[in-house]
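What follows is the content of target-v9.txt (compact mmCIF, C-alpha atoms and all ligand atoms).
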```txt
# COMPACT_ATOMS: atom_id res chain seq x y z
CA MET A 1 228.25 -78.74 -89.28
CA LEU A 2 229.26 -75.40 -90.76
CA PHE A 3 231.26 -72.86 -88.76
CA LYS A 4 228.50 -70.32 -89.31
CA GLU A 5 225.97 -72.61 -87.61
CA ILE A 6 227.89 -72.21 -84.33
CA PRO A 7 227.22 -68.83 -82.70
CA GLY A 8 230.16 -66.62 -81.68
CA HIS A 9 233.64 -68.04 -81.10
CA THR A 10 234.99 -65.78 -83.86
CA GLU A 11 238.64 -65.90 -82.82
CA VAL A 12 238.95 -69.65 -82.49
CA LYS A 13 237.14 -70.18 -85.81
CA GLU A 14 239.58 -67.83 -87.54
CA ARG A 15 242.50 -69.62 -85.98
CA LEU A 16 241.25 -73.05 -87.08
CA ILE A 17 240.45 -71.91 -90.59
CA ARG A 18 243.86 -70.27 -90.94
CA SER A 19 245.65 -73.43 -89.83
CA ILE A 20 243.94 -75.38 -92.62
CA ASN A 21 244.39 -72.72 -95.29
CA GLU A 22 248.07 -72.45 -94.42
CA GLU A 23 248.40 -76.23 -94.29
CA ARG A 24 249.54 -76.27 -90.69
CA VAL A 25 247.22 -78.97 -89.41
CA SER A 26 248.56 -80.52 -86.25
CA HIS A 27 247.78 -84.25 -86.28
CA ALA A 28 246.66 -84.47 -82.63
CA GLN A 29 244.64 -81.67 -81.11
CA LEU A 30 242.77 -81.19 -77.86
CA PHE A 31 239.66 -79.00 -78.01
CA LEU A 32 239.03 -77.96 -74.43
CA GLY A 33 235.85 -76.23 -73.33
CA GLN A 34 233.26 -76.52 -70.57
CA SER A 35 230.10 -78.56 -71.18
CA GLY A 36 227.83 -76.80 -73.67
CA SER A 37 230.62 -74.57 -75.02
CA GLY A 38 230.26 -75.93 -78.54
CA SER A 39 233.64 -77.67 -78.56
CA LEU A 40 232.24 -80.87 -80.09
CA ALA A 41 230.33 -78.97 -82.79
CA MET A 42 233.52 -77.00 -83.46
CA ALA A 43 235.52 -80.19 -83.92
CA VAL A 44 233.00 -81.48 -86.47
CA ALA A 45 232.95 -78.13 -88.33
CA TYR A 46 236.75 -78.13 -88.38
CA ALA A 47 236.97 -81.67 -89.76
CA GLN A 48 234.28 -80.90 -92.34
CA TYR A 49 236.18 -77.80 -93.50
CA LEU A 50 239.39 -79.81 -93.72
CA ASN A 51 237.75 -82.28 -96.09
CA CYS A 52 235.47 -79.94 -98.04
CA THR A 53 236.45 -80.06 -101.71
CA ASN A 54 234.99 -76.67 -102.52
CA ARG A 55 235.79 -74.44 -99.54
CA ILE A 56 234.37 -70.97 -99.57
CA GLU A 57 235.93 -68.10 -97.69
CA ASN A 58 235.82 -68.92 -93.98
CA ASP A 59 233.55 -71.95 -94.19
CA SER A 60 232.78 -75.29 -95.82
CA CYS A 61 230.61 -75.18 -98.95
CA GLY A 62 227.95 -77.41 -97.40
CA GLU A 63 227.19 -78.87 -100.82
CA CYS A 64 230.07 -81.03 -102.04
CA SER A 65 229.85 -84.76 -101.65
CA SER A 66 232.09 -84.69 -98.59
CA CYS A 67 230.06 -81.92 -96.92
CA ARG A 68 226.78 -83.71 -97.55
CA LYS A 69 228.07 -86.82 -95.79
CA TYR A 70 229.60 -84.77 -93.02
CA GLN A 71 226.31 -82.95 -92.44
CA LYS A 72 224.68 -86.31 -91.77
CA LEU A 73 227.73 -87.51 -89.79
CA ILE A 74 227.95 -90.54 -92.08
CA HIS A 75 231.19 -89.85 -93.93
CA PRO A 76 233.16 -93.13 -94.03
CA ASP A 77 236.36 -91.30 -93.06
CA LEU A 78 234.81 -89.52 -90.09
CA HIS A 79 235.11 -91.63 -86.97
CA PHE A 80 233.80 -90.96 -83.50
CA SER A 81 234.64 -92.34 -80.14
CA TYR A 82 232.73 -91.47 -76.96
CA PRO A 83 231.89 -92.86 -73.51
CA PHE A 84 229.23 -95.54 -73.63
CA ILE A 85 227.79 -98.35 -71.55
CA ALA A 86 229.41 -101.64 -72.52
CA LYS A 87 227.09 -104.59 -72.00
CA LYS A 88 229.86 -107.02 -72.87
CA ALA A 89 233.63 -106.56 -72.54
CA GLU A 90 234.05 -106.63 -76.32
CA ASP A 91 231.46 -103.90 -77.00
CA VAL A 92 232.79 -100.83 -78.83
CA SER A 93 231.29 -97.36 -79.34
CA THR A 94 230.07 -98.09 -82.88
CA VAL A 95 227.40 -100.33 -81.30
CA TYR A 96 225.70 -97.00 -80.53
CA ILE A 97 226.58 -95.10 -83.70
CA LYS A 98 222.92 -94.69 -84.71
CA GLU A 99 222.02 -93.19 -81.32
CA TRP A 100 225.17 -91.04 -81.47
CA ARG A 101 224.32 -89.53 -84.86
CA GLU A 102 220.76 -88.83 -83.76
CA ALA A 103 221.82 -87.29 -80.45
CA LEU A 104 224.53 -85.10 -81.96
CA THR A 105 222.25 -83.93 -84.77
CA LYS A 106 219.52 -83.07 -82.30
CA HIS A 107 221.83 -81.60 -79.65
CA PRO A 108 225.01 -80.21 -81.25
CA TYR A 109 225.94 -78.67 -77.86
CA MET A 110 225.17 -81.74 -75.80
CA GLY A 111 226.84 -82.66 -72.56
CA LEU A 112 227.22 -86.09 -71.04
CA GLN A 113 223.73 -85.87 -69.50
CA GLU A 114 221.98 -85.53 -72.88
CA TRP A 115 224.06 -88.39 -74.25
CA MET A 116 223.27 -90.66 -71.29
CA ASP A 117 219.58 -89.76 -71.68
CA ALA A 118 219.80 -90.79 -75.34
CA LEU A 119 221.29 -94.12 -74.28
CA GLU A 120 218.67 -94.47 -71.53
CA ALA A 121 221.63 -95.21 -69.28
CA GLU A 122 220.05 -93.98 -66.04
CA ASN A 123 222.73 -94.20 -63.35
CA LYS A 124 225.12 -96.53 -65.14
CA GLN A 125 228.71 -95.33 -65.37
CA PRO A 126 229.93 -94.84 -68.96
CA ASN A 127 233.50 -95.28 -70.08
CA ILE A 128 235.79 -95.72 -73.06
CA ASN A 129 236.97 -99.27 -72.66
CA ILE A 130 240.00 -101.20 -73.83
CA ALA A 131 238.05 -102.90 -76.64
CA GLU A 132 237.23 -99.41 -77.97
CA CYS A 133 240.89 -98.39 -77.89
CA HIS A 134 241.83 -101.46 -79.91
CA ASP A 135 239.00 -100.75 -82.32
CA ILE A 136 240.22 -97.17 -82.83
CA ILE A 137 243.68 -98.45 -83.72
CA LYS A 138 242.09 -100.84 -86.20
CA ARG A 139 239.80 -98.19 -87.71
CA LEU A 140 242.65 -95.75 -88.24
CA THR A 141 245.02 -98.26 -89.73
CA TYR A 142 243.11 -98.53 -92.99
CA LYS A 143 243.66 -95.89 -95.63
CA ALA A 144 240.97 -93.23 -96.07
CA TYR A 145 238.15 -94.37 -98.36
CA GLU A 146 237.37 -91.15 -100.14
CA ALA A 147 238.52 -88.12 -98.16
CA GLU A 148 241.95 -86.62 -98.09
CA TYR A 149 242.00 -86.78 -94.32
CA LYS A 150 240.74 -89.48 -92.06
CA VAL A 151 239.47 -87.94 -88.83
CA LEU A 152 238.77 -89.41 -85.43
CA ILE A 153 236.92 -87.22 -82.95
CA MET A 154 237.08 -88.58 -79.44
CA TRP A 155 234.59 -86.92 -77.14
CA LEU A 156 235.36 -86.83 -73.43
CA PRO A 157 238.76 -88.57 -73.24
CA GLU A 158 238.34 -88.02 -69.48
CA TYR A 159 236.55 -91.39 -69.58
CA LEU A 160 239.50 -93.28 -70.97
CA GLY A 161 241.21 -94.33 -67.77
CA VAL A 162 244.67 -95.83 -67.99
CA THR A 163 243.54 -97.94 -70.94
CA GLY A 164 244.09 -94.71 -72.90
CA ASN A 165 247.80 -95.37 -72.85
CA THR A 166 247.13 -97.99 -75.53
CA LEU A 167 246.53 -95.07 -77.89
CA LEU A 168 249.74 -93.17 -77.21
CA LYS A 169 251.69 -94.50 -80.13
CA LEU A 170 248.79 -93.74 -82.46
CA ILE A 171 248.46 -90.18 -81.14
CA GLU A 172 252.19 -89.60 -81.38
CA GLU A 173 252.70 -91.08 -84.80
CA PRO A 174 249.36 -91.37 -86.54
CA PRO A 175 249.21 -92.81 -90.04
CA GLU A 176 249.66 -90.20 -92.75
CA LYS A 177 246.75 -87.78 -93.32
CA THR A 178 245.07 -88.79 -90.09
CA LEU A 179 243.73 -86.24 -87.66
CA PHE A 180 243.01 -87.05 -84.04
CA ILE A 181 240.77 -84.53 -82.25
CA LEU A 182 240.12 -84.96 -78.56
CA VAL A 183 237.19 -82.93 -77.23
CA ALA A 184 237.44 -82.53 -73.47
CA GLU A 185 235.81 -80.60 -70.64
CA GLN A 186 238.22 -81.09 -67.74
CA TYR A 187 241.92 -80.62 -68.34
CA ASP A 188 243.01 -82.21 -65.06
CA GLN A 189 241.05 -85.40 -65.73
CA ILE A 190 242.99 -86.29 -68.87
CA LEU A 191 246.00 -88.57 -68.85
CA ASN A 192 249.20 -86.51 -68.77
CA THR A 193 250.71 -88.76 -71.36
CA ILE A 194 247.94 -87.70 -73.77
CA LEU A 195 248.10 -84.00 -72.86
CA SER A 196 251.79 -83.86 -73.66
CA ARG A 197 251.16 -85.22 -77.16
CA THR A 198 248.37 -82.87 -78.24
CA GLN A 199 248.04 -79.26 -79.34
CA LEU A 200 245.64 -77.36 -77.11
CA ILE A 201 242.75 -75.34 -78.59
CA LYS A 202 240.70 -73.57 -75.92
CA ILE A 203 237.02 -73.02 -76.58
CA ASN A 204 235.53 -70.33 -74.34
CA ARG A 205 232.11 -70.50 -72.74
CA PHE A 206 229.37 -68.79 -74.74
CA SER A 207 228.53 -65.25 -73.65
CA ASP A 208 225.04 -64.48 -72.31
CA GLU A 209 224.43 -62.43 -75.47
CA GLU A 210 225.34 -65.35 -77.76
CA ILE A 211 223.06 -67.73 -75.87
CA LYS A 212 220.24 -65.22 -75.82
CA ALA A 213 220.52 -64.58 -79.56
CA HIS A 214 220.49 -68.32 -80.27
CA LEU A 215 217.44 -68.92 -78.07
CA LEU A 216 215.64 -66.05 -79.82
CA SER A 217 216.43 -67.69 -83.15
CA LEU A 218 214.79 -70.88 -81.81
CA GLY A 219 211.60 -68.95 -81.10
CA CYS A 220 212.05 -68.08 -77.43
CA GLU A 221 210.51 -64.81 -76.31
CA GLU A 222 212.76 -61.91 -75.32
CA HIS A 223 212.38 -61.83 -71.51
CA ALA A 224 212.66 -65.58 -71.15
CA ALA A 225 215.68 -65.76 -73.49
CA ALA A 226 217.56 -63.20 -71.39
CA ARG A 227 216.75 -65.07 -68.20
CA TYR A 228 217.72 -68.50 -69.55
CA ALA A 229 220.93 -67.10 -71.01
CA TYR A 230 221.85 -65.73 -67.60
CA LEU A 231 221.07 -69.03 -65.86
CA ALA A 232 222.82 -71.14 -68.49
CA ASP A 233 226.22 -70.01 -67.23
CA GLY A 234 227.95 -70.19 -70.59
CA SER A 235 226.42 -73.50 -71.69
CA MET A 236 224.32 -73.35 -74.84
CA GLN A 237 222.80 -76.73 -74.01
CA ALA A 238 221.77 -75.54 -70.55
CA GLY A 239 220.04 -72.55 -72.18
CA ILE A 240 218.20 -74.81 -74.62
CA ASN A 241 217.22 -77.18 -71.81
CA LEU A 242 215.81 -74.32 -69.76
CA MET A 243 213.81 -73.19 -72.74
CA SER A 244 212.40 -76.64 -73.43
CA GLN A 245 211.69 -77.45 -69.79
CA GLU A 246 209.45 -74.51 -69.22
CA GLU A 247 206.70 -76.88 -68.16
CA ASN A 248 208.78 -77.76 -65.10
CA ASN A 249 208.15 -74.23 -63.92
CA LEU A 250 211.32 -73.87 -61.95
CA GLU A 251 210.56 -70.27 -61.10
CA GLU A 252 207.12 -71.14 -59.77
CA LEU A 253 208.59 -73.94 -57.67
CA PHE A 254 211.20 -71.64 -56.18
CA VAL A 255 208.69 -68.94 -55.30
CA GLN A 256 206.31 -71.54 -53.86
CA TRP A 257 209.10 -73.00 -51.71
CA PHE A 258 210.25 -69.55 -50.61
CA ARG A 259 206.73 -68.57 -49.55
CA LEU A 260 206.42 -71.77 -47.53
CA CYS A 261 209.71 -71.00 -45.79
CA TYR A 262 208.46 -67.52 -44.97
CA GLY A 263 205.27 -68.98 -43.52
CA LYS A 264 207.26 -71.69 -41.68
CA ARG A 265 205.00 -74.33 -43.13
CA GLY A 266 207.10 -77.39 -42.41
CA ILE A 267 204.78 -80.13 -43.61
CA GLU A 268 204.13 -78.46 -46.94
CA ILE A 269 207.86 -77.80 -47.35
CA GLN A 270 208.48 -81.52 -46.89
CA GLY A 271 205.86 -82.27 -49.53
CA LEU A 272 207.52 -79.93 -51.99
CA ILE A 273 210.93 -81.45 -51.29
CA GLU A 274 209.50 -84.91 -52.05
CA GLN A 275 208.70 -83.47 -55.47
CA ILE A 276 212.08 -81.91 -56.26
CA ALA A 277 214.56 -84.21 -54.49
CA PRO A 278 214.17 -87.43 -56.52
CA ALA A 279 216.76 -88.23 -59.20
CA SER A 280 213.96 -88.14 -61.79
CA PHE A 281 213.58 -84.38 -61.22
CA GLY A 282 217.24 -84.03 -62.15
CA ARG A 283 220.21 -82.29 -60.61
CA GLU A 284 220.27 -79.71 -63.38
CA ASN A 285 216.70 -78.74 -62.54
CA GLN A 286 217.48 -78.61 -58.83
CA LYS A 287 220.44 -76.32 -59.48
CA ASN A 288 218.54 -74.17 -61.94
CA MET A 289 215.66 -73.73 -59.55
CA LEU A 290 218.09 -72.41 -56.94
CA ARG A 291 220.05 -70.31 -59.40
CA PHE A 292 216.82 -68.80 -60.54
CA GLY A 293 216.12 -68.05 -56.88
CA LEU A 294 219.42 -66.22 -56.52
CA GLN A 295 218.45 -64.00 -59.39
CA VAL A 296 215.00 -63.31 -57.93
CA ILE A 297 216.53 -62.32 -54.58
CA ARG A 298 219.01 -59.99 -56.24
CA ASP A 299 216.18 -58.46 -58.23
CA CYS A 300 214.22 -57.93 -55.03
CA LEU A 301 217.15 -56.04 -53.51
CA THR A 302 217.40 -53.91 -56.65
CA HIS A 303 213.69 -53.23 -56.35
CA ASN A 304 214.14 -52.18 -52.71
CA ALA A 305 216.86 -49.79 -53.78
CA SER A 306 214.21 -48.17 -56.04
CA ALA A 307 215.98 -49.19 -59.18
CA SER A 308 213.18 -51.38 -60.47
CA GLU A 309 213.69 -50.19 -64.06
CA ILE A 310 216.96 -52.14 -64.29
CA ILE A 311 215.43 -55.46 -63.22
CA ARG A 312 216.11 -58.06 -65.84
CA PHE A 313 212.76 -59.75 -66.20
CA GLU A 314 209.12 -59.93 -65.28
CA SER A 315 207.34 -63.02 -64.07
CA LYS A 316 203.84 -64.34 -64.21
CA HIS A 317 204.42 -66.35 -61.03
CA PHE A 318 204.98 -63.63 -58.48
CA GLU A 319 204.93 -59.94 -57.80
CA ILE A 320 208.37 -58.66 -57.17
CA ALA A 321 207.11 -55.93 -54.79
CA LYS A 322 205.52 -58.48 -52.46
CA MET A 323 208.53 -60.69 -52.32
CA ALA A 324 210.88 -57.72 -51.95
CA SER A 325 208.97 -56.55 -48.90
CA ILE A 326 210.18 -59.50 -46.84
CA LEU A 327 213.83 -59.11 -47.86
CA ASN A 328 216.50 -56.70 -46.70
CA MET A 329 220.27 -56.50 -47.13
CA GLU A 330 220.83 -58.40 -43.88
CA ASN A 331 218.62 -61.46 -44.40
CA ALA A 332 219.18 -61.58 -48.16
CA SER A 333 222.93 -61.86 -47.80
CA TYR A 334 222.48 -64.88 -45.52
CA ILE A 335 219.95 -66.46 -47.85
CA ILE A 336 222.16 -65.96 -50.91
CA ASP A 337 225.03 -67.53 -49.03
CA ASP A 338 222.93 -70.54 -48.01
CA ILE A 339 221.56 -71.07 -51.51
CA GLU A 340 225.05 -70.90 -53.00
CA LYS A 341 226.20 -73.54 -50.53
CA ALA A 342 223.25 -75.76 -51.48
CA ILE A 343 224.14 -75.45 -55.18
CA TYR A 344 227.72 -76.37 -54.33
CA HIS A 345 226.57 -79.52 -52.52
CA ILE A 346 224.17 -80.56 -55.28
CA GLU A 347 226.96 -80.19 -57.83
CA ARG A 348 229.00 -82.58 -55.73
CA ASN A 349 226.23 -85.18 -55.65
CA ALA A 350 225.15 -84.66 -52.04
CA ASN A 351 221.80 -86.20 -51.10
CA ALA A 352 219.31 -83.70 -52.53
CA LYS A 353 216.65 -84.34 -49.90
CA ILE A 354 219.06 -83.52 -47.07
CA VAL A 355 220.39 -80.47 -48.91
CA PHE A 356 216.88 -79.04 -49.44
CA LEU A 357 215.71 -79.83 -45.90
CA ASP A 358 218.79 -78.17 -44.48
CA LEU A 359 218.43 -75.18 -46.78
CA SER A 360 214.77 -74.77 -45.82
CA VAL A 361 215.63 -74.66 -42.11
CA GLN A 362 218.39 -72.12 -42.77
CA VAL A 363 216.20 -69.89 -44.91
CA MET A 364 213.32 -69.98 -42.38
CA ARG A 365 215.84 -68.78 -39.81
CA ASP A 366 217.36 -66.17 -42.16
CA LEU A 367 213.95 -64.69 -42.91
CA GLN A 368 213.48 -63.91 -39.22
CA ARG A 369 216.53 -61.68 -39.15
CA LYS A 370 215.83 -57.98 -38.76
CA MET A 371 217.94 -55.17 -40.16
ZN ZN A 401 232.08 -78.89 -99.16
```

Translate the structure described by the file into structure tokens.
Amino acid sequence: MLFKEIPGHTEVKERLIRSINEERVSHAQLFLGQSGSGSLAMAVAYAQYLNCTNRIENDSCGECSSCRKYQKLIHPDLHFSYPFIAKKAEDVSTVYIKEWREALTKHPYMGLQEWMDALEAENKQPNINIAECHDIIKRLTYKAYEAEYKVLIMWLPEYLGVTGNTLLKLIEEPPEKTLFILVAEQYDQILNTILSRTQLIKINRFSDEEIKAHLLSLGCEEHAAARYAYLADGSMQAGINLMSQEENNLEELFVQWFRLCYGKRGIEIQGLIEQIAPASFGRENQKNMLRFGLQVIRDCLTHNASASEIIRFESKHFEIAKMASILNMENASYIIDDIEKAIYHIERNANAKIVFLDLSVQVMRDLQRKM
């Protein structure tokens, strides 16, 4: 992974590059950024730059022997650790190294969901077990094979549990020329004992513009790219998922559901909920459908305020004028509030069927409100 392959993040890239050029590499670092922020890709780019034997200004060369192995994630001195599903107590993460390399190559901005999908883990709970911690200690004890620096990138140390304390000595006093990079999403879920021993590097969320530009470069069309970037909420992976899941037609589903609520067509609403509530539809899709809805409602209000030229996008699934005609400031503010609550509950793993049934009843009621 080259720095230039990761969109944006100019400041943090400069900071990382400077630390290497000035030989101020801290041996234990914590890259902290929300899911889809590119923190894992950044850690790989950083380690690749550290070991590149022919660095160019501000990036790895991409061509030296070290870079070529790094690009394929097969360098013998590049180690990974990540949450996985242990079938036996002695299983370690390298059991899944083939799947890991494939997943990370295909989804450099992946979150836990993409990784669990790659493992076909369904609802099993991943973790980083004690056998893995012992294996890390073993892997890092040997001298580097060919690189100057041996690097271990641990993704999602949140999944360590107290077994992580086994690693404290290693993090505090790693063998010479060993770099430990932890890539985390949630600061408060990491063991304090680990936090106190690492240098913090914050990776910001991507801006809408950065996500949009990246989606355009992947062949997305302009209107859709702007919409997905807005919905992605700073996560590049979420933007890519929206783009590749177009066949799920989240916008059509939302508009269909909204129309049914307006017509108070209870039985059909139940039928639609049977379609979107199951786990197979996915929580991300459920949330995105509703977040899309929030945007549509806001656009309708803008339309009503005769400012239709500033509306962000067009749609083939509905006419904004028709939908806007049933909304006003009064009922829309209630509906927005109810949808936001539903998103909140879905994020916290509430039963999706109950959330959608409840939301439907609320929205049917909201739509009856007069100015
Ligand atoms: Zn190189």

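Going from CA of Val25 (chain A) over to CA of Glu146 (chain A), you cover 19.0 Å.
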
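Residue neighbourhood of region 57-74 of chain A, excluding near-sequence residues (fewer than 4 positions): Met1, Leu2, Phe3, Lys4, Lys13, Glu14, Ile17, Arg18, Val44, Ala45, Tyr46, Ala47, Gln48, Tyr49, Leu50, Asn51, Cys52, Thr53, Leu78, His79, Arg101, Leu104, Thr105, Glu146 and Ala147 of chain A, at 9 Å, using all atoms listed in the file.
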
Q: Take CA of Gln34 (chain A) and CA of Arg205 (chain A) and report the distance between them in Å, one decimal.
A: 6.5 Å

Q. Skipping near chain neighbours, those fewer than 4 positions away, what residues fall within 8 Å of Leu168 (chain A) using only C-alpha atoms, listed as a ChimeraX atom specification?
A. /A:164,172,193-194

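Across the model, the gap from CA of Leu301 (chain A) to CA of Asp366 (chain A) is 15.2 Å.
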
What are the nearest atom pairs, with distances in Å to one decimal, for all residues of region 180-285 of chain A that come at most 12 Å from region 348-351 of chain A, using all atoms listed in the file, set out by chain and rising residue number as CSV?
```
residue,atom,partner,partner_atom,distance
A:Ile273,CA,A:Asn351,CA,11.9
A:Ile276,CA,A:Asn351,CA,11.8
A:Ala277,CA,A:Asn351,CA,8.2
A:Pro278,CA,A:Asn351,CA,9.4
A:Ala279,CA,A:Asn351,CA,9.8
A:Gly282,CA,A:Asn349,CA,11.2
A:Arg283,CA,A:Asn349,CA,8.3
A:Glu284,CA,A:Asn349,CA,11.2
```

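Of the listed residues (A:Ile153, A:Leu32, A:Ala103, A:Leu367), A:Leu32 comes nearest to Gln186 (chain A); the distances count all atoms listed in the file.
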
Show me, as a CSV table (one decimal) with C-alpha atoms, keeping the file's coordinate frame, the residues that have an atom within 10 Å of Gln189 (chain A) when counting only C-alpha atoms, minus same-chain residues fewer than 2 positions from it.
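Contents of the output file out_8.csv:
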```csv
chain,number,residue,atom,x,y,z
A,156,LEU,CA,235.4,-86.8,-73.4
A,157,PRO,CA,238.8,-88.6,-73.2
A,158,GLU,CA,238.3,-88.0,-69.5
A,159,TYR,CA,236.6,-91.4,-69.6
A,160,LEU,CA,239.5,-93.3,-71.0
A,161,GLY,CA,241.2,-94.3,-67.8
A,184,ALA,CA,237.4,-82.5,-73.5
A,185,GLU,CA,235.8,-80.6,-70.6
A,186,GLN,CA,238.2,-81.1,-67.7
A,187,TYR,CA,241.9,-80.6,-68.3
A,191,LEU,CA,246.0,-88.6,-68.8
A,192,ASN,CA,249.2,-86.5,-68.8
```

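Each of A:Ile56, A:Val363, A:Ile320, A:Leu215 was compared to ligand ZN 401 (chain A) using all atoms listed in the file, and A:Ile56 turns out to be the nearest.
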
Q) Hey, what's within 12 Å of Glu102 (chain A) if we count all atoms listed in the file and toss same-chain stuff fewer than 3 positions away? As a ChimeraX atom specification, please? A) /A:71-74,96-99,105-108,110,114-115,118-119

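The list of residues within 6 Å of (247.4, -83.3, -90.2), counted using all atoms listed in the file, is Val25, Ser26, His27, Lys177, Thr178 and Leu179 of chain A.
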
Q) Near region 287-294 of chain A, counting all atoms listed in the file, which residues have an atom at most 7 Å away, once you skip same-chain residues fewer than 2 positions from it, shown as a list in words? A) Leu231, Leu250, Glu251, Phe254, Arg283, Glu284, Asn285, Val296, Ile297, Arg298, Ile336, Ile339 and Ile343 of chain A

Grab all the atoms of region 115-131 of chain A that the file lists, wrap them in a box along x, y and z, add 5 Å per side, and give me centre plus edge lengths in Å (one decimal) as JSON.
```
{"center_x": 229.3, "center_y": -95.6, "center_z": -70.0, "size_x": 31.3, "size_y": 24.5, "size_z": 23.3}
```

Q. Of the candidates A:Ile326, A:Ala86, A:Val151, A:Ala229, which one gets nearest to Gln125 (chain A) if we count only C-alpha atoms?
A. A:Ala86

Q) Restricting the calculation to only C-alpha atoms and all ligand atoms, which member of A:Asn54, A:Val162, A:Leu40, A:Ala238 is positioned closest to ligand ZN 401 (chain A)? A) A:Asn54
